[in-house]
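What follows is a short report on a single structure.
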Amino acid sequence: MLDHLRRIVIEGPAGSGKAALAERLARYLHAGELPDGARSNPFLERFHREPQRYALPMQLACLNQRVSQLQQWHAAMLAGQRMITNFLYARDRLYASLTLEADELALYDALAARLQVPAQRVDLVIMLQASPSLLRERIARRGRPGESGIEEQYLQRLSDAYGELFHRYDDAPVLFVNTAHFNPVDNDVDFRTLLSRIENMRGRKAFLNLAAP
């Protein structure tokens with residue numbers, strides 16, 4: 001199944017379900033999984049409490065982590081291993097642009113340019129979407145420490161930024177999946193529908209958007 005896809009990225013804003021879908025897809029395809037590791041960022045909880053103070057160290061810690069992760073990604077590809085992950089490297093600059101002041105962003109960009117980051121070759125991106133209000137509801141439901149302060153306005157900005165990113169993105173085909181009435185993580189029928197849509201995808205951009213039952 002999906003033998004032509006060796007490198008798959010699941011993306012989407014906080015609350016979209018990308019980590020859970022990456023885990024299920026990796027199990028199904030007997031692929032290696034490379035989680036984004038955001039929850040292990042030592043500055044994340046402090047950022048949630050004091051975003052202006054800790055935005056820069058949080059983003060730099062994430063950038064440092066990405067170098068190691070993309071080295072793992074590259075090594076797995078050379079070894080012929082199929083891989084699934086829930087982060088696209090381009091996403092880090094997106095988050096930095098939303099959280100950092102202009103001078104901090106300039107420093108972030110200068111440091112990022114000096115790093116020798118292996119290219120993240122990708123065969124398919126699955127971009128999960130939902131309304132900011134639904135994302136906020138899901139975030140509240142999972143109840144992770146520090147996430148209660150995430151506002152719907154921020155999720156709107158994040159969703160808009162993702163839209164701009166993938167409007168320009170052309171390094172791999174992108175399947176946009178609206179998860180408002182579609183749950184491929186917990187619903188077996190929806191998961192099979194997703195697999196079928198991927199298998200039959202043609203072109204660089206495609207959409208899976210099911211109406212409410």
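As shown in the structure tokens, the chain order sets the letters A, B, ...; within each chain, residues go from 1, and ligands are also counted from 1 in the order they appear.
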Could I get the residues of stretch 23-65 of chain A with an atom no further than 10 Å from an atom of stretch 184-203 of chain A, each paired with its nearest atom pair and that distance in Å to one decimal, using only C-alpha atoms, sorted by chain and residue number, as CSV?
residue,atom,partner,partner_atom,distance
A:Glu23,CA,A:Val185,CA,8.9
A:Arg24,CA,A:Val185,CA,6.7
A:Leu25,CA,A:Val185,CA,8.8
Discussion item. DSSP on the backbone: which residues in stretch 3-212 of chain A end up as alpha helix (DSSP H)? Give the answer as an NGL selection string.
Written reply: :A and (18-29 or 44-49 or 51-78 or 90-99 or 102-114 or 132-142 or 152-168 or 188-199)
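Nearest residue to A:Ala38 among A:Ala14, A:Ile126, A:Val9, A:Leu98 is A:Ala14, counting only C-alpha atoms.
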Which residues are close to A:Tyr95, i.e. within 10 Å by only C-alpha atoms, leaving aside same-chain residues fewer than 6 positions away? Reply as a tab-separated table (two decimals) with C-alpha atoms, in the first residue's frame.
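Result written to result-v1.tsv:
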chain	number	residue	atom	x	y	z
A	55	ALA	CA	9.85	32.97	22.62
A	59	GLN	CA	12.51	28.80	18.92
A	158	LEU	CA	-1.40	30.24	12.68
A	161	ALA	CA	0.23	31.39	8.04
A	162	TYR	CA	-0.04	27.71	7.14
Discussion item. Just the number, please: distance in Å from atom CA of A:Met58 to atom CA of A:Thr99, one decimal.
Written reply: 9.8 Å
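With only C-alpha atoms taken into account, the protein and nucleic acid residues at most 7 Å from stretch 127-133 of chain A (excluding it and anything under 2 positions from it in its own chain) are Ile10, Glu11, Gly12, Ser16, Lys18, Val125, Leu135, Arg136, Glu137, Glu152, Leu155, Gln156, Val174, Leu175, Phe176, Val177, Asn178, Thr179 and Ala180 of chain A.
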Could those residues be written to a file, using C-alpha atoms, as a PDB file, in the first residue's frame?
ATOM      1  CA  ILE A  10       1.778  15.100   8.430  1.00  0.00           C
ATOM      2  CA  GLU A  11       1.328  18.815   9.141  1.00  0.00           C
ATOM      3  CA  GLY A  12      -1.233  21.164  10.627  1.00  0.00           C
ATOM      4  CA  SER A  16      -5.264  19.288  14.201  1.00  0.00           C
ATOM      5  CA  LYS A  18      -1.025  15.470  13.206  1.00  0.00           C
ATOM      6  CA  VAL A 125       2.625  16.278   2.789  1.00  0.00           C
ATOM      7  CA  LEU A 135      -8.725  23.597  17.193  1.00  0.00           C
ATOM      8  CA  ARG A 136      -9.181  25.512  20.456  1.00  0.00           C
ATOM      9  CA  GLU A 137     -11.831  23.033  21.602  1.00  0.00           C
ATOM     10  CA  GLU A 152      -8.415  31.407  19.214  1.00  0.00           C
ATOM     11  CA  LEU A 155      -4.853  29.858  16.103  1.00  0.00           C
ATOM     12  CA  GLN A 156      -6.441  31.983  13.364  1.00  0.00           C
ATOM     13  CA  VAL A 174       0.172  18.285  -0.737  1.00  0.00           C
ATOM     14  CA  LEU A 175      -3.121  16.686   0.281  1.00  0.00           C
ATOM     15  CA  PHE A 176      -5.287  19.109   2.277  1.00  0.00           C
ATOM     16  CA  VAL A 177      -7.615  17.275   4.687  1.00  0.00           C
ATOM     17  CA  ASN A 178     -10.430  19.059   6.495  1.00  0.00           C
ATOM     18  CA  THR A 179     -10.854  17.266   9.830  1.00  0.00           C
ATOM     19  CA  ALA A 180     -14.040  19.024  10.966  1.00  0.00           C
TER      20      ALA A 180
END
Discussion item. Show me, as a ChimeraX atom specification, the residues that have an atom within 10 Å of stretch 48-54 of chain A when counting only C-alpha atoms, minus same-chain residues fewer than 4 positions from it.
Written reply: /A:43-44,58-59,99-101,145-150
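Atom CA of A:Gly15 sits 25.3 Å away from atom CA of A:Arg121.
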Worksheet item: So what do you get for atom CA of A:Gly17 versus atom CA of A:Asn183, distance-wise?
Response: 8.9 Å
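Within chain A, residues classed as strand (DSSP E) by DSSP on backbone coordinates are Arg7, Ile8, Val9, Ile10, Glu11, Gly32, Glu33, Leu34, Met83, Ile84, Thr85, Leu124, Val125, Ile126, Met127, Leu128, Gln129, Val174, Leu175, Phe176, Val177, Asn178, Lys205, Ala206, Phe207 and Leu208 of chain A.
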Generate the output file for the selected residues, C-alpha atoms, as a CSV table (one decimal), in the first residue's frame.
chain,number,residue,atom,x,y,z
A,7,ARG,CA,8.8,10.0,3.0
A,8,ILE,CA,5.5,11.3,4.3
A,9,VAL,CA,5.0,14.4,6.5
A,10,ILE,CA,1.8,15.1,8.4
A,11,GLU,CA,1.3,18.8,9.1
A,32,GLY,CA,9.8,4.5,11.0
A,33,GLU,CA,8.3,7.5,12.9
A,34,LEU,CA,10.2,10.7,13.7
A,83,MET,CA,9.7,7.3,7.3
A,84,ILE,CA,6.7,9.3,8.7
A,85,THR,CA,7.0,12.5,10.6
A,124,LEU,CA,3.9,13.8,0.3
A,125,VAL,CA,2.6,16.3,2.8
A,126,ILE,CA,-0.8,15.7,4.4
A,127,MET,CA,-2.0,19.0,5.7
A,128,LEU,CA,-4.7,18.7,8.3
A,129,GLN,CA,-7.1,21.6,8.7
A,174,VAL,CA,0.2,18.3,-0.7
A,175,LEU,CA,-3.1,16.7,0.3
A,176,PHE,CA,-5.3,19.1,2.3
A,177,VAL,CA,-7.6,17.3,4.7
A,178,ASN,CA,-10.4,19.1,6.5
A,205,LYS,CA,-2.4,19.7,-4.8
A,206,ALA,CA,-5.5,17.7,-3.8
A,207,PHE,CA,-8.3,18.2,-1.2
A,208,LEU,CA,-10.3,15.9,1.0
Worksheet item: If we count only C-alpha atoms, what is near A:Gly80 at a cut-off of 12 Å, once residues fewer than 3 positions away on the same chain are taken out, given as a VMD selection string?
Response: chain A and resid 5 to 7 31 to 32 73 to 77 83
Write the residues you've just listed into a file as a compact mmCIF listing (two decimals), in the first residue's frame, and include C-alpha atoms for each of them.
# COMPACT_ATOMS: atom_id res chain seq x y z
CA LEU A 5 5.65 7.07 -0.95
CA ARG A 6 8.75 6.61 1.20
CA ARG A 7 8.82 9.97 3.01
CA ALA A 31 7.43 2.74 8.72
CA GLY A 32 9.81 4.51 11.04
CA TRP A 73 15.74 11.65 8.54
CA HIS A 74 18.57 11.79 5.99
CA ALA A 75 20.29 8.69 7.44
CA ALA A 76 17.03 6.73 7.33
CA MET A 77 16.55 7.67 3.69
CA MET A 83 9.67 7.31 7.28
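Proximity to A:Tyr154 was assessed for A:Pro173, A:Gln69, A:Pro13, A:Phe87 counting only C-alpha atoms; the smallest distance is recorded for A:Pro13.
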